[in-house]
$ cat final-v5.txt   # compact mmCIF, C-alpha atoms
# COMPACT_ATOMS: atom_id res chain seq x y z
CA GLN A 1272 -13.00 22.64 -44.39
CA VAL A 1273 -16.12 24.37 -43.09
CA GLN A 1274 -15.97 26.34 -39.87
CA LEU A 1275 -18.97 27.02 -37.66
CA VAL A 1276 -18.70 29.98 -35.32
CA GLU A 1277 -21.12 30.16 -32.43
CA SER A 1278 -22.23 33.18 -30.42
CA GLY A 1279 -24.68 33.90 -27.67
CA GLY A 1280 -24.96 31.92 -24.48
CA GLY A 1281 -23.90 33.09 -21.07
CA TRP A 1282 -26.10 33.44 -18.06
CA VAL A 1283 -29.91 33.24 -18.28
CA GLN A 1284 -32.48 33.48 -15.52
CA PRO A 1285 -34.95 30.63 -15.07
CA GLY A 1286 -38.05 31.27 -17.11
CA GLY A 1287 -36.16 33.44 -19.56
CA SER A 1288 -35.05 32.68 -23.10
CA LEU A 1289 -31.74 31.68 -24.58
CA ARG A 1290 -30.84 32.40 -28.18
CA LEU A 1291 -27.77 31.01 -29.82
CA SER A 1292 -26.37 31.81 -33.24
CA CYS A 1293 -24.06 29.84 -35.49
CA ALA A 1294 -22.48 31.16 -38.67
CA PRO A 1295 -20.85 28.73 -41.13
CA SER A 1296 -18.00 29.66 -43.44
CA GLN A 1297 -20.00 28.09 -46.28
CA ARG A 1298 -23.42 29.06 -47.60
CA MET A 1299 -26.07 28.03 -45.10
CA SER A 1300 -28.39 27.10 -47.97
CA ASP A 1301 -25.94 24.33 -48.93
CA ALA A 1302 -26.36 22.53 -45.60
CA SER A 1303 -28.57 19.47 -45.89
CA VAL A 1304 -29.00 19.28 -42.11
CA ILE A 1305 -28.50 21.76 -39.30
CA ALA A 1306 -28.77 20.86 -35.66
CA TRP A 1307 -27.95 21.74 -32.09
CA TYR A 1308 -26.57 19.45 -29.42
CA ARG A 1309 -25.63 20.06 -25.81
CA ALA A 1310 -23.29 18.46 -23.34
CA PHE A 1311 -23.69 18.28 -19.59
CA PRO A 1312 -20.63 18.01 -17.33
CA LYS A 1313 -18.90 14.66 -17.73
CA LYS A 1314 -21.55 13.44 -20.18
CA GLN A 1315 -21.70 12.96 -23.91
CA ARG A 1316 -23.42 15.38 -26.19
CA GLU A 1317 -27.13 14.91 -26.54
CA PHE A 1318 -29.41 15.91 -29.37
CA VAL A 1319 -31.48 19.08 -28.92
CA ALA A 1320 -33.00 19.99 -32.28
CA SER A 1321 -32.50 19.57 -36.01
CA ALA A 1322 -33.86 20.86 -39.28
CA SER A 1323 -33.36 19.51 -42.77
CA SER A 1324 -33.23 21.31 -46.09
CA ARG A 1325 -36.51 19.54 -46.91
CA GLY A 1326 -38.25 21.54 -44.21
CA THR A 1327 -38.59 18.86 -41.55
CA SER A 1328 -37.56 19.46 -37.96
CA ASP A 1329 -37.16 17.37 -34.84
CA PHE A 1330 -36.75 18.15 -31.16
CA ALA A 1331 -35.65 16.32 -28.06
CA ASP A 1332 -38.47 15.59 -25.63
CA SER A 1333 -36.71 17.71 -23.03
CA VAL A 1334 -37.10 20.89 -25.12
CA LYS A 1335 -40.13 20.07 -27.25
CA GLN A 1336 -42.63 22.97 -27.28
CA ARG A 1337 -39.95 25.25 -25.81
CA ALA A 1338 -37.38 25.25 -28.60
CA THR A 1339 -37.18 26.74 -32.07
CA ILE A 1340 -34.51 25.98 -34.65
CA SER A 1341 -34.20 28.21 -37.67
CA ARG A 1342 -31.86 29.43 -40.37
CA ASP A 1343 -31.61 32.84 -41.99
CA VAL A 1344 -30.15 32.39 -45.44
CA ALA A 1345 -29.73 36.13 -45.97
CA LYS A 1346 -27.63 36.42 -42.81
CA ASN A 1347 -26.07 33.00 -43.38
CA THR A 1348 -26.78 32.10 -39.79
CA MET A 1349 -28.63 29.38 -37.91
CA TYR A 1350 -30.33 29.87 -34.56
CA LEU A 1351 -31.56 27.98 -31.54
CA GLN A 1352 -34.01 29.59 -29.16
CA ILE A 1353 -35.29 27.93 -26.01
CA ASP A 1354 -38.01 29.68 -24.03
CA GLY A 1355 -38.93 29.05 -20.42
CA VAL A 1356 -35.43 27.83 -19.59
CA ILE A 1357 -34.85 25.74 -16.50
CA PRO A 1358 -31.63 24.98 -14.59
CA GLU A 1359 -31.51 21.61 -16.36
CA ASP A 1360 -30.86 23.49 -19.61
CA THR A 1361 -27.44 24.45 -18.27
CA ALA A 1362 -24.91 22.92 -20.66
CA VAL A 1363 -22.39 23.60 -23.39
CA TYR A 1364 -24.30 23.97 -26.64
CA TYR A 1365 -22.85 22.96 -30.01
CA CYS A 1366 -24.15 23.73 -33.46
CA TYR A 1367 -23.82 21.15 -36.20
CA ALA A 1368 -24.19 21.23 -39.96
CA ARG A 1369 -23.80 18.72 -42.75
CA PHE A 1370 -22.28 19.92 -46.00
CA ASN A 1371 -21.66 17.48 -48.85
CA PHE A 1372 -22.08 14.46 -46.55
CA GLU A 1373 -19.45 15.81 -44.12
CA ASP A 1374 -20.22 16.67 -40.49
CA TYR A 1375 -19.06 19.95 -38.96
CA TRP A 1376 -19.29 21.27 -35.42
CA GLY A 1377 -19.14 24.63 -33.73
CA GLN A 1378 -16.73 25.32 -30.88
CA GLY A 1379 -19.43 25.18 -28.20
CA VAL A 1380 -20.82 27.92 -25.97
CA GLN A 1381 -21.66 27.69 -22.29
CA VAL A 1382 -25.21 28.45 -21.18
CA THR A 1383 -25.90 28.70 -17.46
CA VAL A 1384 -29.47 28.94 -16.16
CA SER A 1385 -29.49 30.26 -12.64
CA SER A 1386 -31.12 32.88 -10.50
$ encode --input "final-v5.txt" --output "C-alpha cells"
Amino acid sequence: QVQLVESGGGWVQPGGSLRLSCAPSQRMSDASVIAWYRAFPKKQREFVASASSRGTSDFADSVKQRATISRDVAKNTMYLQIDGVIPEDTAVYYCYARFNFEDYWGQGVQVTVSS
C-alpha cells in the first residue's frame, strides 16, 4: 500500500502563488503517472494537471498557463504550483499517483484564495 502525504496549502492572496508538495512512500521514479485534482464544496474532484513518466503533461483549461506540475526524484516529492491565483482556485487539492497500475491519493489539503 502506497501512501501519499501532502503539504502546503493554506491561505493565499489573489494574484499570489500556491505551491503544494506530495511525498509518496514509494520511489517517485516508479510512478507512471502523477497528477493533481481539486474538489470544490459539494462537488466532485476535477482534474488540474498531470505528468507521465514519458515526459508528457496536461493541464485543465482553468489553470493552463498558470500551473506547473513537477517531480523531484532526489527529494522523492511531486509539486503543483499555480501562479496568479484567483478566488475560484479555492478548493481542497489532492495529489494522485499510479504505481504498478494501482491508483493512490493524498489526504487532501485546503487552499483558500482570499484577500
$ atom_distance --input "final-v5.txt" --atom1 "atom CA of A:Val1276" --atom2 "atom CA of A:Phe1372"
19.5 Å
$ atom_distance --input "final-v5.txt" --atom1 "atom CA of A:Ser1300" --atom2 "atom CA of A:Ser1324"
7.8 Å
$ residues_around --input "final-v5.txt" --residues "A:Ser1288" --least-positions-apart "5" --cutoff "10 Å" --atoms "all atoms listed in the file" --output "list in words"
Val1283, Arg1337, Ala1338, Gln1352, Ile1353, Asp1354, Gly1355, Val1356, Ile1357 and Val1384 of chain A
$ atom_distance --input "final-v5.txt" --atom1 "atom CA of A:Ser1303" --atom2 "atom CA of A:Arg1369"
5.8 Å
$ residues_around --input "final-v5.txt" --residues "A:Gly1377" --least-positions-apart "3" --cutoff "7 Å" --atoms "all atoms listed in the file" --output "list in words"
Leu1275, Val1276, Glu1277, Tyr1365, Cys1366 and Tyr1367 of chain A
$ decode --input "final-v5.txt" --residues "stretch 1288-1377 of chain A" --atoms "C-alpha atoms" --output "mmCIF file, in the first residue's frame"
data_model
loop_
_atom_site.group_PDB
_atom_site.id
_atom_site.type_symbol
_atom_site.label_atom_id
_atom_site.label_comp_id
_atom_site.auth_asym_id
_atom_site.auth_seq_id
_atom_site.Cartn_x
_atom_site.Cartn_y
_atom_site.Cartn_z
ATOM 1 C CA SER A 1288 1.202 31.684 -5.921
ATOM 2 C CA LEU A 1289 0.311 28.403 -4.312
ATOM 3 C CA ARG A 1290 2.767 25.540 -4.088
ATOM 4 C CA LEU A 1291 1.769 22.112 -2.925
ATOM 5 C CA SER A 1292 4.001 19.142 -2.222
ATOM 6 C CA CYS A 1293 3.240 15.444 -2.141
ATOM 7 C CA ALA A 1294 5.628 12.761 -0.944
ATOM 8 C CA PRO A 1295 4.904 9.086 -1.708
ATOM 9 C CA SER A 1296 6.049 6.204 0.468
ATOM 10 C CA GLN A 1297 7.370 4.549 -2.696
ATOM 11 C CA ARG A 1298 10.018 5.792 -5.107
ATOM 12 C CA MET A 1299 8.621 8.667 -7.140
ATOM 13 C CA SER A 1300 10.517 7.417 -10.184
ATOM 14 C CA ASP A 1301 8.345 4.279 -10.147
ATOM 15 C CA ALA A 1302 5.141 6.262 -10.692
ATOM 16 C CA SER A 1303 3.888 6.013 -14.260
ATOM 17 C CA VAL A 1304 1.546 8.969 -13.764
ATOM 18 C CA ILE A 1305 1.386 11.776 -11.233
ATOM 19 C CA ALA A 1306 -1.435 14.267 -11.069
ATOM 20 C CA TRP A 1307 -3.310 16.824 -9.037
ATOM 21 C CA TYR A 1308 -7.051 17.153 -8.639
ATOM 22 C CA ARG A 1309 -9.185 19.563 -6.666
ATOM 23 C CA ALA A 1310 -12.635 19.498 -5.172
ATOM 24 C CA PHE A 1311 -14.968 22.421 -4.663
ATOM 25 C CA PRO A 1312 -17.585 22.345 -1.896
ATOM 26 C CA LYS A 1313 -20.284 19.778 -2.611
ATOM 27 C CA LYS A 1314 -18.739 18.897 -5.976
ATOM 28 C CA GLN A 1315 -16.703 16.025 -7.293
ATOM 29 C CA ARG A 1316 -12.990 16.224 -7.781
ATOM 30 C CA GLU A 1317 -11.866 17.777 -11.011
ATOM 31 C CA PHE A 1318 -8.637 17.310 -12.893
ATOM 32 C CA VAL A 1319 -5.980 20.016 -12.537
ATOM 33 C CA ALA A 1320 -2.738 18.707 -14.007
ATOM 34 C CA SER A 1321 -0.886 15.501 -14.790
ATOM 35 C CA ALA A 1322 2.519 14.321 -15.903
ATOM 36 C CA SER A 1323 3.578 10.923 -17.170
ATOM 37 C CA SER A 1324 6.872 9.111 -16.847
ATOM 38 C CA ARG A 1325 7.228 9.562 -20.614
ATOM 39 C CA GLY A 1326 7.546 13.302 -20.123
ATOM 40 C CA THR A 1327 4.105 14.393 -21.291
ATOM 41 C CA SER A 1328 1.940 16.734 -19.255
ATOM 42 C CA ASP A 1329 -1.609 18.002 -19.395
ATOM 43 C CA PHE A 1330 -3.485 20.822 -17.707
ATOM 44 C CA ALA A 1331 -7.082 21.800 -17.162
ATOM 45 C CA ASP A 1332 -8.166 24.829 -19.160
ATOM 46 C CA SER A 1333 -8.878 26.656 -15.913
ATOM 47 C CA VAL A 1334 -5.198 26.588 -14.880
ATOM 48 C CA LYS A 1335 -3.438 26.315 -18.229
ATOM 49 C CA GLN A 1336 -0.529 28.789 -18.481
ATOM 50 C CA ARG A 1337 -0.734 29.349 -14.713
ATOM 51 C CA ALA A 1338 0.149 25.895 -13.413
ATOM 52 C CA THR A 1339 3.295 23.804 -13.253
ATOM 53 C CA ILE A 1340 3.481 20.152 -12.271
ATOM 54 C CA SER A 1341 6.836 18.635 -11.479
ATOM 55 C CA ARG A 1342 8.596 15.861 -9.631
ATOM 56 C CA ASP A 1343 11.934 15.887 -7.843
ATOM 57 C CA VAL A 1344 13.271 12.356 -7.833
ATOM 58 C CA ALA A 1345 16.110 13.231 -5.460
ATOM 59 C CA LYS A 1346 13.648 14.557 -2.884
ATOM 60 C CA ASN A 1347 11.062 11.934 -3.813
ATOM 61 C CA THR A 1348 8.424 14.620 -3.999
ATOM 62 C CA MET A 1349 5.947 15.927 -6.551
ATOM 63 C CA TYR A 1350 4.775 19.516 -6.745
ATOM 64 C CA LEU A 1351 1.973 21.665 -8.049
ATOM 65 C CA GLN A 1352 2.444 25.397 -8.421
ATOM 66 C CA ILE A 1353 -0.268 27.766 -9.598
ATOM 67 C CA ASP A 1354 0.646 31.394 -10.195
ATOM 68 C CA GLY A 1355 -1.740 34.317 -10.367
ATOM 69 C CA VAL A 1356 -4.291 32.554 -8.173
ATOM 70 C CA ILE A 1357 -7.888 33.709 -8.172
ATOM 71 C CA PRO A 1358 -10.685 33.085 -5.655
ATOM 72 C CA GLU A 1359 -12.011 30.356 -7.967
ATOM 73 C CA ASP A 1360 -8.873 28.353 -7.178
ATOM 74 C CA THR A 1361 -10.169 27.885 -3.632
ATOM 75 C CA ALA A 1362 -10.607 24.140 -3.164
ATOM 76 C CA VAL A 1363 -9.266 21.029 -1.495
ATOM 77 C CA TYR A 1364 -6.344 19.792 -3.559
ATOM 78 C CA TYR A 1365 -5.448 16.109 -3.866
ATOM 79 C CA CYS A 1366 -2.322 14.554 -5.275
ATOM 80 C CA TYR A 1367 -2.545 11.314 -7.209
ATOM 81 C CA ALA A 1368 -0.020 8.754 -8.375
ATOM 82 C CA ARG A 1369 -0.189 5.472 -10.231
ATOM 83 C CA PHE A 1370 2.176 2.725 -9.164
ATOM 84 C CA ASN A 1371 2.016 -0.699 -10.807
ATOM 85 C CA PHE A 1372 -1.412 0.031 -12.320
ATOM 86 C CA GLU A 1373 -2.844 0.955 -8.904
ATOM 87 C CA ASP A 1374 -4.241 4.401 -8.092
ATOM 88 C CA TYR A 1375 -3.265 6.227 -4.910
ATOM 89 C CA TRP A 1376 -4.457 9.503 -3.442
ATOM 90 C CA GLY A 1377 -3.182 12.018 -0.937
#
